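Peer 1: So here's my_file-v5.cif, just mmCIF, C-alpha atoms:
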data_input
#
loop_
_atom_site.label_atom_id
_atom_site.label_comp_id
_atom_site.auth_asym_id
_atom_site.auth_seq_id
_atom_site.Cartn_x
_atom_site.Cartn_y
_atom_site.Cartn_z
CA MET A 1 75.45 140.57 101.89
CA LEU A 2 74.52 136.92 101.41
CA GLU A 3 77.05 134.25 102.30
CA LEU A 4 77.10 130.67 101.09
CA SER A 5 77.47 127.93 103.68
CA PRO A 6 80.83 126.10 103.82
CA ASN A 7 79.18 123.10 102.15
CA PHE A 8 78.53 125.04 98.97
CA LEU A 9 81.89 126.78 99.04
CA ILE A 10 83.39 123.28 99.13
CA LEU A 11 81.32 122.32 96.09
CA ILE A 12 82.54 125.34 94.15
CA PHE A 13 86.19 124.85 95.12
CA ALA A 14 85.99 121.13 94.28
CA ALA A 15 84.52 121.85 90.85
CA ILE A 16 87.29 124.36 90.15
CA LEU A 17 89.99 121.92 91.30
CA ASP A 18 88.61 119.15 89.10
CA ARG A 19 88.45 121.52 86.13
CA LEU A 20 91.99 122.85 86.59
CA ILE A 21 94.04 119.86 87.73
CA GLY A 22 91.85 116.73 87.76
CA ASP A 23 93.54 113.82 89.55
CA PRO A 24 97.34 114.38 89.79
CA VAL A 25 99.14 111.11 89.04
CA ASN A 26 101.38 111.17 92.10
CA TRP A 27 98.66 111.96 94.62
CA LEU A 28 97.09 109.24 96.75
CA HIS A 29 93.50 108.89 95.55
CA PRO A 30 90.64 107.76 97.84
CA VAL A 31 89.68 105.14 95.25
CA GLN A 32 93.17 103.63 95.57
CA VAL A 33 92.62 103.22 99.31
CA MET A 34 89.19 101.71 98.69
CA GLY A 35 90.64 99.40 96.06
CA TRP A 36 93.34 98.18 98.43
CA MET A 37 90.79 97.41 101.15
CA ILE A 38 88.48 95.59 98.71
CA THR A 39 91.42 93.55 97.43
CA GLN A 40 92.45 92.53 100.95
CA PHE A 41 88.93 91.37 101.76
CA THR A 42 88.58 89.58 98.41
CA ASN A 43 91.82 87.69 98.96
CA LEU A 44 90.42 86.33 102.23
CA VAL A 45 87.44 84.66 100.56
CA ILE A 46 88.77 83.91 97.06
CA ILE A 47 91.91 81.81 96.69
CA GLN A 48 94.17 80.69 93.88
CA ASP A 49 93.65 77.00 93.07
CA ALA A 50 97.06 75.40 92.52
CA ALA A 51 95.70 72.59 90.32
CA THR A 52 93.77 74.75 87.85
CA ASN A 53 95.58 78.06 88.43
CA LYS A 54 92.16 79.71 88.70
CA ARG A 55 90.71 81.87 91.42
CA ILE A 56 87.89 80.10 93.24
CA PRO A 57 85.64 80.91 96.23
CA ARG A 58 86.75 79.28 99.45
CA LEU A 59 83.27 79.46 101.03
CA SER A 60 79.85 78.11 100.12
CA SER A 61 77.57 80.12 97.85
CA LEU A 62 75.46 81.33 100.77
CA MET A 63 78.48 82.34 102.83
CA MET A 64 79.99 84.16 99.85
CA ARG A 65 76.76 86.14 99.45
CA ILE A 66 76.83 87.03 103.15
CA ALA A 67 80.47 88.06 102.77
CA GLY A 68 79.44 90.21 99.81
CA PHE A 69 76.78 91.92 101.91
CA VAL A 70 79.28 92.60 104.71
CA LEU A 71 81.83 93.92 102.24
CA GLY A 72 79.33 96.21 100.53
CA VAL A 73 77.76 97.66 103.66
CA SER A 74 81.06 98.18 105.47
CA MET A 75 82.74 99.85 102.49
CA VAL A 76 79.89 102.18 101.52
CA LEU A 77 78.77 103.22 105.00
CA GLY A 78 82.27 103.04 106.44
CA SER A 79 83.84 105.23 103.75
CA GLY A 80 81.20 107.90 104.19
CA ALA A 81 81.26 107.79 107.99
CA VAL A 82 85.05 107.84 108.31
CA THR A 83 85.29 110.75 105.87
CA TRP A 84 82.67 112.74 107.78
CA LEU A 85 84.23 112.05 111.19
CA MET A 86 87.69 112.98 109.91
CA LEU A 87 86.43 116.32 108.55
CA ILE A 88 84.51 117.10 111.76
CA ILE A 89 87.67 116.47 113.79
CA VAL A 90 89.80 118.57 111.43
CA SER A 91 87.25 121.42 111.59
CA LYS A 92 87.74 121.60 115.36
CA PHE A 93 91.39 122.53 114.78
CA HIS A 94 90.74 125.00 111.93
CA PRO A 95 87.60 125.39 109.76
CA LEU A 96 89.58 126.66 106.75
CA PHE A 97 91.78 123.56 106.78
CA ALA A 98 88.64 121.40 106.87
CA ILE A 99 87.23 123.28 103.87
CA ALA A 100 90.50 122.84 101.96
CA LEU A 101 90.70 119.13 102.74
CA SER A 102 87.01 118.68 101.91
CA SER A 103 87.46 120.42 98.56
CA ILE A 104 90.37 118.15 97.62
CA LEU A 105 88.48 115.01 98.65
CA LEU A 106 85.34 116.06 96.79
CA ALA A 107 87.32 117.03 93.69
CA SER A 108 88.71 113.49 93.65
CA CYS A 109 85.13 112.23 93.28
CA PHE A 110 84.52 114.36 90.17
CA ALA A 111 86.27 112.74 87.20
CA GLY A 112 85.29 115.28 84.57
CA ARG A 113 88.85 116.42 83.86
CA SER A 114 90.23 112.87 84.02
CA LEU A 115 87.57 111.59 81.62
CA ARG A 116 88.33 114.38 79.15
CA ASP A 117 92.09 113.84 79.43
CA ALA A 118 91.71 110.11 78.83
CA ALA A 119 89.58 110.60 75.72
CA GLU A 120 91.81 113.30 74.31
CA SER A 121 94.96 111.25 74.91
CA VAL A 122 93.59 108.52 72.62
CA LEU A 123 92.34 111.00 70.03
CA LYS A 124 95.70 112.76 69.96
CA VAL A 125 97.53 109.54 69.14
CA LEU A 126 94.87 108.55 66.63
CA GLN A 127 95.40 111.81 64.75
CA THR A 128 98.99 110.75 64.03
CA GLY A 129 97.72 107.70 62.16
CA ASN A 130 99.54 105.29 64.48
CA LEU A 131 96.80 102.72 65.10
CA GLU A 132 99.00 100.42 67.16
CA GLN A 133 99.91 103.17 69.59
CA ALA A 134 96.29 104.32 69.72
CA ARG A 135 95.21 100.78 70.63
CA GLN A 136 97.80 100.68 73.42
CA GLU A 137 96.68 104.05 74.74
CA LEU A 138 93.03 102.95 74.66
CA SER A 139 93.84 99.77 76.59
CA ARG A 140 94.70 101.95 79.62
CA TYR A 141 91.07 103.02 79.92
CA VAL A 142 88.82 100.19 78.70
CA GLY A 143 88.31 96.56 79.63
CA ARG A 144 87.76 95.27 76.10
CA ASP A 145 90.51 93.78 73.93
CA THR A 146 92.07 96.52 71.83
CA ALA A 147 94.81 94.70 69.88
CA ASP A 148 92.83 94.34 66.63
CA LEU A 149 90.53 97.36 66.74
CA SER A 150 90.11 99.49 63.63
CA GLU A 151 90.02 103.29 63.78
CA ILE A 152 86.21 103.29 63.76
CA GLU A 153 86.13 100.74 66.59
CA ILE A 154 88.62 102.78 68.61
CA LEU A 155 86.45 105.86 68.23
CA ARG A 156 83.37 103.89 69.28
CA ALA A 157 85.21 102.54 72.32
CA VAL A 158 86.24 106.05 73.36
CA LEU A 159 82.72 107.43 72.94
CA GLU A 160 81.18 104.51 74.84
CA THR A 161 83.66 105.03 77.67
CA VAL A 162 82.96 108.77 77.78
CA THR A 163 79.18 108.31 77.79
CA GLU A 164 78.99 105.45 80.29
CA ASN A 165 81.40 107.06 82.73
CA ALA A 166 79.66 110.42 82.48
CA ILE A 167 77.07 109.05 84.90
CA ASP A 168 79.26 106.90 87.14
CA ALA A 169 82.17 109.31 87.41
CA VAL A 170 80.67 112.78 87.02
CA THR A 171 76.95 113.37 87.49
CA SER A 172 76.21 110.68 90.10
CA PRO A 173 78.96 111.83 92.51
CA LEU A 174 77.74 115.41 91.99
CA PHE A 175 74.15 114.35 92.70
CA TYR A 176 75.09 112.85 96.07
CA ALA A 177 77.40 115.76 96.85
CA LEU A 178 74.49 118.15 96.28
CA ILE A 179 72.08 116.09 98.40
CA GLY A 180 74.58 115.82 101.24
CA SER A 181 75.42 119.51 101.09
CA PHE A 182 71.81 120.38 101.86
CA LEU A 183 71.58 117.89 104.74
CA PHE A 184 74.48 118.30 107.17
CA PRO A 185 78.00 119.79 107.55
CA TYR A 186 80.48 118.13 105.17
CA GLY A 187 77.62 115.91 104.03
CA GLY A 188 78.39 116.47 100.36
CA VAL A 189 81.88 115.03 100.72
CA ALA A 190 80.68 112.12 102.87
CA LEU A 191 77.91 111.05 100.48
CA ALA A 192 80.08 111.50 97.38
CA ILE A 193 82.81 109.34 98.92
CA ALA A 194 80.21 106.73 99.91
CA TYR A 195 78.97 106.65 96.30
CA LYS A 196 82.53 106.29 95.01
CA ALA A 197 82.95 103.31 97.33
CA SER A 198 79.84 101.72 95.80
CA SER A 199 81.07 102.41 92.27
CA THR A 200 84.53 101.03 93.07
CA LEU A 201 83.02 97.87 94.56
CA ASP A 202 80.92 97.35 91.45
CA SER A 203 83.92 97.75 89.14
CA MET A 204 86.07 95.36 91.19
CA VAL A 205 83.71 92.58 92.31
CA GLY A 206 80.32 93.28 90.71
CA TYR A 207 80.61 90.57 88.04
CA ARG A 208 78.20 87.82 87.12
CA GLU A 209 81.04 85.41 86.38
CA VAL A 210 82.74 83.08 88.85
CA PRO A 211 84.45 83.69 91.27
CA TYR A 212 82.68 87.02 91.84
CA SER A 213 79.06 86.10 91.11
CA ASP A 214 78.15 85.53 94.77
CA LEU A 215 80.63 87.90 96.41
CA GLY A 216 79.70 90.80 94.15
CA TRP A 217 75.90 90.46 94.00
CA PHE A 218 75.24 93.04 96.72
CA SER A 219 77.78 95.50 95.36
CA ALA A 220 76.33 95.29 91.85
CA LYS A 221 72.74 95.78 93.08
CA THR A 222 73.74 98.64 95.38
CA ASP A 223 75.48 100.50 92.59
CA ASP A 224 72.49 99.97 90.28
CA VAL A 225 70.11 101.38 92.91
CA LEU A 226 72.30 104.36 93.86
CA THR A 227 72.90 105.29 90.22
CA TRP A 228 69.27 104.93 89.07
CA ILE A 229 68.00 108.41 90.03
CA PRO A 230 71.05 110.48 88.96
CA CYS A 231 71.14 108.52 85.70
CA ARG A 232 67.52 109.41 84.85
CA LEU A 233 68.04 113.02 85.91
CA THR A 234 71.08 113.20 83.63
CA VAL A 235 69.09 111.80 80.73
CA ILE A 236 66.30 114.34 81.30
CA THR A 237 68.77 117.22 81.65
CA LEU A 238 70.68 116.33 78.49
CA ALA A 239 67.47 115.75 76.52
CA LEU A 240 66.25 119.24 77.51
CA VAL A 241 69.63 120.82 76.74
CA SER A 242 69.68 119.21 73.29
CA GLY A 243 66.55 121.09 72.22
CA LYS A 244 65.01 117.89 70.88
CA SER A 245 63.93 116.30 74.11
CA LEU A 246 60.94 114.35 72.76
CA ALA A 247 62.93 112.71 69.95
CA VAL A 248 65.79 111.88 72.31
CA TRP A 249 63.43 110.41 74.90
CA LYS A 250 61.71 108.24 72.29
CA ILE A 251 65.02 106.76 71.17
CA CYS A 252 66.02 106.11 74.79
CA GLN A 253 62.68 104.42 75.46
CA ARG A 254 63.16 102.30 72.35
CA ASP A 255 66.79 101.22 72.86
CA ALA A 256 67.96 101.71 76.45
CA TYR A 257 65.89 98.82 77.83
CA GLN A 258 67.75 96.40 75.58
CA ASP A 259 70.87 96.76 77.70
CA PRO A 260 70.91 94.36 80.67
CA SER A 261 72.23 97.14 82.90
CA PRO A 262 69.48 99.38 84.29
CA ASN A 263 71.70 102.43 83.90
CA SER A 264 74.52 102.14 81.35
CA GLY A 265 72.08 101.60 78.48
CA TRP A 266 70.33 104.87 79.33
CA SER A 267 73.62 106.67 79.84
CA GLU A 268 75.04 105.69 76.46
CA CYS A 269 71.73 105.94 74.62
CA VAL A 270 70.98 109.57 75.50
CA TYR A 271 74.32 110.67 74.06
CA ALA A 272 73.85 108.48 70.99
CA ALA A 273 70.41 110.00 70.41
CA ILE A 274 71.63 113.58 70.77
CA LEU A 275 74.73 113.06 68.62
CA GLN A 276 72.76 110.95 66.12
CA VAL A 277 75.29 108.12 66.17
CA GLN A 278 74.99 104.44 66.98
CA LEU A 279 76.76 102.74 69.88
CA GLY A 280 77.00 99.08 70.79
CA GLY A 281 77.88 96.03 68.76
CA GLU A 282 80.58 93.40 68.99
CA ASN A 283 83.32 93.64 71.63
CA ARG A 284 85.97 91.18 72.77
CA TYR A 285 86.89 90.64 76.40
CA ARG A 286 89.87 88.32 77.00
CA GLY A 287 89.21 86.72 73.64
CA ILE A 288 85.49 86.17 74.27
CA ILE A 289 83.07 87.93 71.94
CA LYS A 290 80.22 89.78 73.62
CA TYR A 291 77.47 91.72 71.89
CA LYS A 292 76.11 94.96 73.29
CA PRO A 293 72.71 96.12 72.05
CA LEU A 294 72.69 98.78 69.37
CA LEU A 295 71.77 102.17 70.80
CA GLY A 296 70.68 105.10 68.66
CA ASP A 297 70.54 105.54 64.89
CA ALA A 298 73.64 105.62 62.68
CA ILE A 299 72.80 108.96 61.05
CA ASN A 300 76.30 110.34 61.63
CA ALA A 301 79.63 108.54 61.82
CA ILE A 302 81.42 108.49 65.17
CA ALA A 303 84.20 111.05 64.84
CA PRO A 304 86.48 113.02 67.21
CA ASP A 305 84.14 116.02 67.10
CA LYS A 306 81.27 113.84 68.34
CA ILE A 307 83.40 112.74 71.28
CA GLN A 308 84.18 116.38 72.08
CA GLN A 309 80.45 117.18 71.89
CA ALA A 310 79.73 114.36 74.36
CA LEU A 311 82.36 115.72 76.78
CA ASN A 312 80.86 119.20 76.47
CA LEU A 313 77.37 117.88 77.17
CA THR A 314 78.62 116.27 80.37
CA ARG A 315 80.26 119.53 81.44
CA ILE A 316 77.08 121.49 80.71
CA CYS A 317 75.00 119.06 82.79
CA PHE A 318 77.49 119.31 85.66
CA LEU A 319 77.48 123.11 85.62
CA LEU A 320 73.70 123.32 85.35
CA TRP A 321 73.17 121.10 88.40
CA LEU A 322 75.83 122.93 90.40
CA SER A 323 74.48 126.37 89.45
CA LEU A 324 70.89 125.39 90.27
CA ALA A 325 71.91 124.04 93.67
CA ILE A 326 73.85 127.21 94.50
CA LEU A 327 70.89 129.33 93.40
CA ILE A 328 68.52 127.35 95.63
CA ALA A 329 70.95 127.58 98.57
CA THR A 330 71.31 131.33 98.05
CA LEU A 331 67.55 131.91 97.86
CA PHE A 332 67.03 129.78 100.96
CA THR A 333 69.67 131.79 102.84
CA ALA A 334 67.97 135.01 101.70
CA TYR A 335 64.59 133.73 102.89
CA LEU A 336 65.97 132.83 106.31
CA GLY A 337 67.57 136.26 106.56
CA PHE A 338 64.27 137.91 105.61
CA VAL A 339 62.15 136.04 108.13
#
Could you render the structure as structure tokens?
Peer 2:
Amino acid sequence: MLELSPNFLILIFAAILDRLIGDPVNWLHPVQVMGWMITQFTNLVIIQDAATNKRIPRLSSLMMRIAGFVLGVSMVLGSGAVTWLMLIIVSKFHPLFAIALSSILLASCFAGRSLRDAAESVLKVLQTGNLEQARQELSRYVGRDTADLSEIEILRAVLETVTENAIDAVTSPLFYALIGSFLFPYGGVALAIAYKASSTLDSMVGYREVPYSDLGWFSAKTDDVLTWIPCRLTVITLALVSGKSLAVWKICQRDAYQDPSPNSGWSECVYAAILQVQLGGENRYRGIIKYKPLLGDAINAIAPDKIQQALNLTRICFLLWLSLAILIATLFTAYLGFV
């Protein structure tokens, strides 16, 4: 009888945990710990100016960029290394406890359930016709101003959030969990946590605007590089699953490059192409209007069923990757047993 290695049992248990319970509100999340550490470091190099009441860098541009490099390297490598060492130590006391802890930690890296819950919470309020409450609910999950959004704009915001975060919060952590699981004991958890550290850094300091432009340069570039491969693999997978891969790829080639981000344009565009909707347009951030490039063709209107389809596509991609990895691991184990 073939047996899966603990690494792949952890993957399966983590996927089940994410599907069933997601991220319980009262549980301490690894991203919260990362966020606290990033905030402490940021407060050392960015101060509040009493005269202007604005946050400004306290170091020169060069020193801020060096600080950004130190912050990025220490958080990404440190998070992965500390997680791995902790699990190795725990495994010495009891392997089953290490597997349980690993499964919980890895499940926290998969935000499939959380992403679905967030989208459905907005859609549920929107169905009541209470636009004001829907705007407030949406504001919990997006960075754009929501106070004046129409129903169509709310739906677009939800779909853009679902499609962009599908890569950052679901398929990319899974990609690194799969790679690590093939490499070394508890490697899937360590690499997934390291990727989450990179993603958290990007979301907190990876801005082009002052005071983060110098401090966050390394974090932003690191996240772009680490997300590049899983993003393209997700696009290819979803295009194949859609049954119209050539048409989807052509639209992505046409529109995705218009987005200044090397990844989010592709992430949103593949869903737009499959669902035959159009994403992008005018958004407001703290009162400032910003235009995102138009992605896809407006053949269909953005509606709740399209958002559900997008969530289902993400789940299908996740399950396909996980199933393929388990199949490969099983065949490899069988081959080793044969020889």
Peer 1: My list of candidates is A:Ala118, A:Glu151, A:Ala98, A:Tyr195. Which is closest to Ala134 of chain A when distances are computed with only C-alpha atoms?
Peer 2: A:Glu151
Peer 1: So which one's closest to Ile167 of chain A, A:Lys250, A:Arg232, A:Arg113, A:Arg19? Using all atoms listed in the file, please.
Peer 2: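 The answer is A:Arg232, which sits nearest to Ile167 of chain A.
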Peer 1: Pick out the closest residue to Trp36 of chain A from this set: A:Leu183, A:Ala197, A:Met64, A:Ala177. Count only C-alpha atoms.
Peer 2: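 Smallest distance to Trp36 of chain A is found for A:Ala197.
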Peer 1: Quick one: of A:Ile66, A:Leu28, A:Ala272, A:Val235, who's nearest to Gln309 of chain A, counting all atoms listed in the file?
Peer 2: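 So, comparing all the options, the nearest one is A:Ala272.
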Peer 1: When you look at Phe182 of chain A with a cut-off of 10 Å (counting all atoms listed in the file), what residues show up, excluding the ones that are within fewer than 2 positions of it in the same chain? I need them as a PDB file with C-alpha atoms, in the frame of the given file.
Peer 2:
ATOM      1  CA  SER A   5      77.470 127.930 103.680  1.00  0.00           C
ATOM      2  CA  ASN A   7      79.180 123.100 102.150  1.00  0.00           C
ATOM      3  CA  PHE A   8      78.530 125.040  98.970  1.00  0.00           C
ATOM      4  CA  ALA A 177      77.400 115.760  96.850  1.00  0.00           C
ATOM      5  CA  LEU A 178      74.490 118.150  96.280  1.00  0.00           C
ATOM      6  CA  ILE A 179      72.080 116.090  98.400  1.00  0.00           C
ATOM      7  CA  GLY A 180      74.580 115.820 101.240  1.00  0.00           C
ATOM      8  CA  PHE A 184      74.480 118.300 107.170  1.00  0.00           C
ATOM      9  CA  PRO A 185      78.000 119.790 107.550  1.00  0.00           C
ATOM     10  CA  TYR A 186      80.480 118.130 105.170  1.00  0.00           C
ATOM     11  CA  GLY A 187      77.620 115.910 104.030  1.00  0.00           C
ATOM     12  CA  GLY A 188      78.390 116.470 100.360  1.00  0.00           C
ATOM     13  CA  ALA A 325      71.910 124.040  93.670  1.00  0.00           C
ATOM     14  CA  ILE A 328      68.520 127.350  95.630  1.00  0.00           C
ATOM     15  CA  ALA A 329      70.950 127.580  98.570  1.00  0.00           C
TER      16      ALA A 329
END
Peer 1: Got a sec to resolve the PyMOL selection byres ((chain A and resi 206) around 6) on this structure and send the residues as a list in words?
Peer 2: Asp202, Ser203, Val205, Tyr207, Gly216, Ser219 and Ala220 of chain A
Peer 1: What does the PyMOL selection byres ((chain A and resi 278-281) around 7) select in this file, as a ChimeraX atom specification?
Peer 2: /A:156,160,272,276-277,282-283,291-298
Peer 1: Generate a file for segment 13-31 of chain A, containing N, CA and C atoms, as a tab-separated table (two decimals), in the first residue's frame.
Peer 2:
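Wrote it out as out.tsv, contents follow:
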chain	number	residue	atom	x	y	z
A	13	PHE	N	-4.50	18.23	4.38
A	13	PHE	CA	-5.17	18.71	5.60
A	13	PHE	C	-5.36	20.23	5.56
A	14	ALA	N	-4.35	20.95	5.08
A	14	ALA	CA	-4.44	22.41	5.01
A	14	ALA	C	-5.54	22.85	4.04
A	15	ALA	N	-5.64	22.17	2.91
A	15	ALA	CA	-6.68	22.50	1.94
A	15	ALA	C	-8.06	22.25	2.53
A	16	ILE	N	-8.21	21.17	3.27
A	16	ILE	CA	-9.49	20.87	3.91
A	16	ILE	C	-9.83	21.91	4.97
A	17	LEU	N	-8.84	22.27	5.78
A	17	LEU	CA	-9.06	23.29	6.81
A	17	LEU	C	-9.49	24.62	6.21
A	18	ASP	N	-8.80	25.03	5.13
A	18	ASP	CA	-9.15	26.30	4.50
A	18	ASP	C	-10.56	26.24	3.93
A	19	ARG	N	-10.92	25.11	3.36
A	19	ARG	CA	-12.26	24.95	2.77
A	19	ARG	C	-13.34	24.98	3.83
A	20	LEU	N	-13.08	24.35	5.00
A	20	LEU	CA	-14.12	24.21	6.01
A	20	LEU	C	-14.24	25.43	6.93
A	21	ILE	N	-13.10	25.97	7.36
A	21	ILE	CA	-13.18	27.04	8.37
A	21	ILE	C	-12.50	28.35	7.96
A	22	GLY	N	-11.64	28.33	6.96
A	22	GLY	CA	-10.97	29.56	6.55
A	22	GLY	C	-10.07	30.10	7.65
A	23	ASP	N	-10.17	31.40	7.90
A	23	ASP	CA	-9.37	32.05	8.95
A	23	ASP	C	-10.30	32.50	10.08
A	24	PRO	N	-10.41	31.73	11.16
A	24	PRO	CA	-11.26	32.14	12.29
A	24	PRO	C	-10.85	33.52	12.80
A	25	VAL	N	-11.85	34.36	13.08
A	25	VAL	CA	-11.61	35.76	13.43
A	25	VAL	C	-10.76	35.90	14.69
A	26	ASN	N	-10.98	35.05	15.66
A	26	ASN	CA	-10.31	35.20	16.96
A	26	ASN	C	-8.95	34.52	17.04
A	27	TRP	N	-8.54	33.87	15.97
A	27	TRP	CA	-7.24	33.20	15.98
A	27	TRP	C	-6.13	34.16	15.56
A	28	LEU	N	-4.97	34.02	16.21
A	28	LEU	CA	-3.81	34.81	15.79
A	28	LEU	C	-3.33	34.31	14.44
A	29	HIS	N	-3.25	35.21	13.48
A	29	HIS	CA	-2.86	34.85	12.12
A	29	HIS	C	-1.39	35.21	11.89
A	30	PRO	N	-0.63	34.37	11.18
A	30	PRO	CA	0.78	34.70	10.91
A	30	PRO	C	0.96	36.07	10.26
A	31	VAL	N	0.02	36.46	9.40
A	31	VAL	CA	0.12	37.76	8.74
A	31	VAL	C	0.02	38.89	9.76
